[in-house]
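Participant: To start, I am sharing the structure in question, which I have written as structure tokens.
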Amino acid sequence: MPESERPLDALNNARNKKIIVELKNGKQLIGKLKAFDIHINVVLDDTEEREAGEIKRKLGTTFVRGDTIILISPQ
Amino acid sequence: MPESERPLDALNNARNKKIIVELKNGKQLIGKLKAFDIHINVVLDDTEEREAGEIKRKLGTTFVRGDTIILISPQ
Amino acid sequence: MPESERPLDALNNARNKKIIVELKNGKQLIGKLKAFDIHINVVLDDTEEREAGEIKRKLGTTFVRGDTIILISPQ
Amino acid sequence: MPESERPLDALNNARNKKIIVELKNGKQLIGKLKAFDIHINVVLDDTEEREAGEIKRKLGTTFVRGDTIILISPQ
Amino acid sequence: MPESERPLDALNNARNKKIIVELKNGKQLIGKLKAFDIHINVVLDDTEEREAGEIKRKLGTTFVRGDTIILISPQ
Amino acid sequence: MPESERPLDALNNARNKKIIVELKNGKQLIGKLKAFDIHINVVLDDTEEREAGEIKRKLGTTFVRGDTIILISPQ
Amino acid sequence: MPESERPLDALNNARNKKIIVELKNGKQLIGKLKAFDIHINVVLDDTEEREAGEIKRKLGTTFVRGDTIILISPQ
């Protein structure tokens, strides 16, 4: 990994992979990363919402507004 | 879906379709997506407000300010 | 409604009509929409403030700062 | 009032008049509007702070930061 | 006071005078205004921190970040 | 350290080193700093999430949105 | 002190001196100021975290994100 790597490169590497998106409201979204932009708005496919480890809802394709996101991690 | 897809493309695909808009105050708006912009301000038609799964209000056409939105998902 | 409609067009259509403005503090303002801008700052005439469905105050002409607004809906 | 009126015009009309400024912390400032800018920073003269309808303090000339303001209404 | 006065003029008039700075966390800083900028970042000299009317701390020269400020008033 | 050193230089010096990232929600992420940008978005490798001193989760590579970060400190 | 002094000059005068940084979460960081920028991001050396007057942690070099800071004061 070169010195000049930028944070968005890590999101680019996660495209089409399953990721966890942790939200400021304490919930987690798990889904396949389809798209993102510089505001860290993301689009997930086959999204599940989890809270305290439990699946709460299946949401299909989901647009998540970047300013509600704490962290994103490939599973 | 090409590598270069952007998050707003997912909103564009949802135009005139029924979507769920989840708000930072814990409420949900369900309606037909009529318009959106880069701030994720959205306009819904035939809007219903739900809280804890129950319909609270019918709102007709509704302008929603983008910075109050957590996620948007087609139903 | 053409594909390219923007959210602010919906506010423009509501000019001089009675609207509900829902605020982040849980209150509602009902009045006639006189002006708005791209920050969603709005000016209402003959404004009433409601909380939990009850009229709390009559405020006449009222300038509302956009960043306190959740949604706007014509009545 | 012409179609193209902007929200700041309403503040301009309120210059040198007594206004209520409602803050995000639940307090109200009442004073004469002396100046404002596009951030909705305002300066009041002869300012009184009220909470729950009661005068809490007299503050004289007061600069109020725009991002703490919910609404402004001429009395 | 001319029609075109701007809010920052009021801060300029308060330079080298004792002012109250009220913060979003409910505390007050009292000190002599030495400097400010368009973000309403301010520098005070001989600063006292008060809470509920009582002096809590003496802080000397203090830089206050503008986005934590509700209002500024000369004493 | 020259007078003109900038805060991001400190992050640059921490590249590929183990750092603590403290979040606004009270949690800590510990990992190797791989990338950062001017928004203080960071990417960590071999990330552990800690709360009240205890390891809660292992997260691997993690993208952290800058506006959720309080401080960053090399261990 | 000339009329035209700017707030960042006060931070420049505090370079390499021990300062208190008060955070929005109620904690204080004490350390030597090594760097700052226009966002008020700061870097401290030999940092101690205090809460309610007590030392909680020693953190060494610490990058602090500007938007978490209430005030900065040389000790």
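Order determines the names: the first chain of the structure tokens is A, the second B, and so forth; residues in each chain are numbered 1 upward, and ligands are numbered 1 upward as they are shown.
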Env of G:His39: 12 Å cut, atoms = only C-alpha atoms, seq-sep filter 5 positions within chain, self excluded. Answer as an MDAnalysis selection string.

Facilitator: (chainID E and resid 39 41 65:67) or (chainID F and resid 6:8 38:40) or (chainID G and resid 8 64:69)

Participant: Next, dump the selected residues to file, keeping only N, CA and C atoms, as a PDB file, in the first residue's frame.

Facilitator:
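result-v2.pdb, freshly written:
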```pdb
ATOM      1  N   HIS E  39     -16.060  33.500  11.347  1.00  0.00           N
ATOM      2  CA  HIS E  39     -16.650  32.295  11.925  1.00  0.00           C
ATOM      3  C   HIS E  39     -17.158  32.558  13.335  1.00  0.00           C
ATOM      4  N   ASN E  41     -15.228  32.928  15.724  1.00  0.00           N
ATOM      5  CA  ASN E  41     -14.158  32.589  16.665  1.00  0.00           C
ATOM      6  C   ASN E  41     -13.790  33.884  17.379  1.00  0.00           C
ATOM      7  N   ARG E  65     -14.064  28.749  20.085  1.00  0.00           N
ATOM      8  CA  ARG E  65     -14.467  28.368  18.725  1.00  0.00           C
ATOM      9  C   ARG E  65     -15.885  28.869  18.451  1.00  0.00           C
ATOM     10  N   GLY E  66     -16.059  29.537  17.322  1.00  0.00           N
ATOM     11  CA  GLY E  66     -17.314  30.218  17.018  1.00  0.00           C
ATOM     12  C   GLY E  66     -18.547  29.336  17.058  1.00  0.00           C
ATOM     13  N   ASP E  67     -18.424  28.092  16.652  1.00  0.00           N
ATOM     14  CA  ASP E  67     -19.634  27.260  16.550  1.00  0.00           C
ATOM     15  C   ASP E  67     -20.137  26.789  17.906  1.00  0.00           C
TER      16      ASP E  67
ATOM     17  N   ARG F   6       1.971  21.683  10.277  1.00  0.00           N
ATOM     18  CA  ARG F   6       0.508  21.655  10.220  1.00  0.00           C
ATOM     19  C   ARG F   6      -0.007  20.382  10.882  1.00  0.00           C
ATOM     20  N   PRO F   7      -1.242  20.406  11.394  1.00  0.00           N
ATOM     21  CA  PRO F   7      -1.777  19.224  12.078  1.00  0.00           C
ATOM     22  C   PRO F   7      -1.713  17.939  11.246  1.00  0.00           C
ATOM     23  N   LEU F   8      -1.966  18.027   9.937  1.00  0.00           N
ATOM     24  CA  LEU F   8      -1.969  16.794   9.138  1.00  0.00           C
ATOM     25  C   LEU F   8      -0.586  16.158   9.062  1.00  0.00           C
ATOM     26  N   ILE F  38      -8.127  15.308   4.157  1.00  0.00           N
ATOM     27  CA  ILE F  38      -8.308  16.595   4.843  1.00  0.00           C
ATOM     28  C   ILE F  38      -9.583  16.654   5.686  1.00  0.00           C
ATOM     29  N   HIS F  39     -10.559  15.760   5.428  1.00  0.00           N
ATOM     30  CA  HIS F  39     -11.755  15.701   6.272  1.00  0.00           C
ATOM     31  C   HIS F  39     -11.498  14.869   7.529  1.00  0.00           C
ATOM     32  N   ILE F  40     -10.278  14.321   7.646  1.00  0.00           N
ATOM     33  CA  ILE F  40      -9.880  13.413   8.735  1.00  0.00           C
ATOM     34  C   ILE F  40     -10.645  12.098   8.636  1.00  0.00           C
TER      35      ILE F  40
ATOM     36  N   LEU G   8      -6.622  33.605  15.220  1.00  0.00           N
ATOM     37  CA  LEU G   8      -5.562  32.609  15.054  1.00  0.00           C
ATOM     38  C   LEU G   8      -4.201  33.134  15.533  1.00  0.00           C
ATOM     39  N   VAL G  64      -6.254  16.586  17.576  1.00  0.00           N
ATOM     40  CA  VAL G  64      -7.624  16.827  18.032  1.00  0.00           C
ATOM     41  C   VAL G  64      -8.405  17.498  16.905  1.00  0.00           C
ATOM     42  N   ARG G  65      -9.558  16.915  16.544  1.00  0.00           N
ATOM     43  CA  ARG G  65     -10.355  17.490  15.456  1.00  0.00           C
ATOM     44  C   ARG G  65     -11.027  18.777  15.937  1.00  0.00           C
ATOM     45  N   GLY G  66     -10.894  19.843  15.148  1.00  0.00           N
ATOM     46  CA  GLY G  66     -11.325  21.167  15.556  1.00  0.00           C
ATOM     47  C   GLY G  66     -12.782  21.262  15.965  1.00  0.00           C
ATOM     48  N   ASP G  67     -13.648  20.523  15.314  1.00  0.00           N
ATOM     49  CA  ASP G  67     -15.080  20.701  15.597  1.00  0.00           C
ATOM     50  C   ASP G  67     -15.514  20.085  16.914  1.00  0.00           C
ATOM     51  N   THR G  68     -14.583  19.491  17.664  1.00  0.00           N
ATOM     52  CA  THR G  68     -14.918  18.956  18.990  1.00  0.00           C
ATOM     53  C   THR G  68     -14.463  19.900  20.094  1.00  0.00           C
ATOM     54  N   ILE G  69     -13.876  21.032  19.710  1.00  0.00           N
ATOM     55  CA  ILE G  69     -13.255  21.947  20.664  1.00  0.00           C
ATOM     56  C   ILE G  69     -14.178  23.109  21.022  1.00  0.00           C
TER      57      ILE G  69
END
```

Participant: Output as a PyMOL selection string all residues of chain E that backbone DSSP marks as alpha helix (DSSP H).

Facilitator: chain E and resi 7-13

Participant: Would you write out those residues with N, CA and C atoms, as a JSON list (two decimals), in the first residue's frame?

Facilitator:
```json
[["chain", "number", "residue", "atom", "x", "y", "z"],
["E", 7, "PRO", "N", -23.83, 42.60, 11.13],
["E", 7, "PRO", "CA", -23.65, 42.09, 12.49],
["E", 7, "PRO", "C", -22.21, 42.20, 13.00],
["E", 8, "LEU", "N", -21.22, 41.96, 12.15],
["E", 8, "LEU", "CA", -19.84, 42.00, 12.64],
["E", 8, "LEU", "C", -19.43, 43.40, 13.08],
["E", 9, "ASP", "N", -20.12, 44.45, 12.58],
["E", 9, "ASP", "CA", -19.83, 45.80, 13.06],
["E", 9, "ASP", "C", -20.07, 45.91, 14.57],
["E", 10, "ALA", "N", -21.10, 45.21, 15.04],
["E", 10, "ALA", "CA", -21.39, 45.25, 16.49],
["E", 10, "ALA", "C", -20.24, 44.63, 17.28],
["E", 11, "LEU", "N", -19.64, 43.57, 16.74],
["E", 11, "LEU", "CA", -18.49, 42.98, 17.43],
["E", 11, "LEU", "C", -17.30, 43.94, 17.36],
["E", 12, "ASN", "N", -17.13, 44.60, 16.24],
["E", 12, "ASN", "CA", -16.03, 45.54, 16.10],
["E", 12, "ASN", "C", -16.14, 46.67, 17.14],
["E", 13, "ASN", "N", -17.37, 47.13, 17.37],
["E", 13, "ASN", "CA", -17.60, 48.18, 18.38],
["E", 13, "ASN", "C", -17.29, 47.71, 19.80]]
```

Participant: With chain D as the partner and 6 Å as the cut-off, tabulate the residues of chain E that qualify, each row holding the nearest pair of atoms and their distance in Å to one decimal, using only C-alpha atoms, sorted by chain and rising number, as CSV.

Facilitator:
```
residue,atom,partner,partner_atom,distance
E:Glu5,CA,D:Ala35,CA,5.8
E:Arg6,CA,D:Ala35,CA,5.2
E:Pro7,CA,D:Ala35,CA,5.3
E:Ile70,CA,D:Arg65,CA,5.6
E:Leu71,CA,D:Val64,CA,4.4
E:Ile72,CA,D:Phe63,CA,5.1
E:Ser73,CA,D:Thr62,CA,4.6
```

Participant: For the atom pair atom CA of G:Glu49 and atom CA of G:Leu29, what is the interatomic distance in Å to one decimal place?

Facilitator: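 Computed distance, atom CA of G:Glu49 to atom CA of G:Leu29, equals 4.6 Å.
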
Participant: Show me, as a PDB file with N, CA and C atoms, in the first residue's frame, the residues that have an atom within 7 Å of F:Glu48 when counting only C-alpha atoms, minus same-chain residues fewer than 6 positions from it.

Facilitator:
```pdb
ATOM      1  N   LEU F  29     -11.340   3.104  18.490  1.00  0.00           N
ATOM      2  CA  LEU F  29     -10.848   2.153  17.497  1.00  0.00           C
ATOM      3  C   LEU F  29      -9.329   2.151  17.584  1.00  0.00           C
ATOM      4  N   ILE F  30      -8.729   0.957  17.653  1.00  0.00           N
ATOM      5  CA  ILE F  30      -7.275   0.845  17.648  1.00  0.00           C
ATOM      6  C   ILE F  30      -6.886   0.058  16.393  1.00  0.00           C
ATOM      7  N   GLY F  31      -5.950   0.609  15.625  1.00  0.00           N
ATOM      8  CA  GLY F  31      -5.518  -0.080  14.409  1.00  0.00           C
ATOM      9  C   GLY F  31      -4.326   0.626  13.803  1.00  0.00           C
ATOM     10  N   ILE F  55     -12.007  -4.919  24.644  1.00  0.00           N
ATOM     11  CA  ILE F  55     -12.189  -5.178  23.211  1.00  0.00           C
ATOM     12  C   ILE F  55     -13.604  -5.684  22.975  1.00  0.00           C
ATOM     13  N   ARG F  57     -14.999  -5.775  19.495  1.00  0.00           N
ATOM     14  CA  ARG F  57     -15.093  -6.359  18.168  1.00  0.00           C
ATOM     15  C   ARG F  57     -13.773  -6.249  17.454  1.00  0.00           C
ATOM     16  N   LYS F  58     -13.469  -7.190  16.548  1.00  0.00           N
ATOM     17  CA  LYS F  58     -12.365  -7.070  15.615  1.00  0.00           C
ATOM     18  C   LYS F  58     -12.998  -6.737  14.263  1.00  0.00           C
ATOM     19  N   LEU F  59     -12.473  -5.718  13.601  1.00  0.00           N
ATOM     20  CA  LEU F  59     -13.134  -5.212  12.397  1.00  0.00           C
ATOM     21  C   LEU F  59     -12.278  -5.281  11.127  1.00  0.00           C
TER      22      LEU F  59
END
```

Participant: Measure the distance from atom CA of A:Gly26 to atom CA of B:Lys18 in Å and round it to one decimal.

Facilitator: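 These atoms are spaced 26.3 Å apart.
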
Participant: What is the distance, in Å and to one decimal place, between atom CA of B:Pro74 and atom CA of A:Lys56?

Facilitator: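 Separation between atom CA of B:Pro74 and atom CA of A:Lys56: 17.0 Å.
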
Participant: Just list as JSON, numbers by chain whatever in chain A DSSP marks as strand (DSSP E or B).

Facilitator: {"A": [18, 19, 20, 21, 22, 23, 28, 29, 30, 31, 32, 33, 34, 35, 36, 42, 43, 44, 45, 46, 47, 48, 49, 50, 51, 54, 55, 56, 57, 58, 59, 60, 61, 62, 63, 64, 69, 70, 71, 72, 73, 74]}
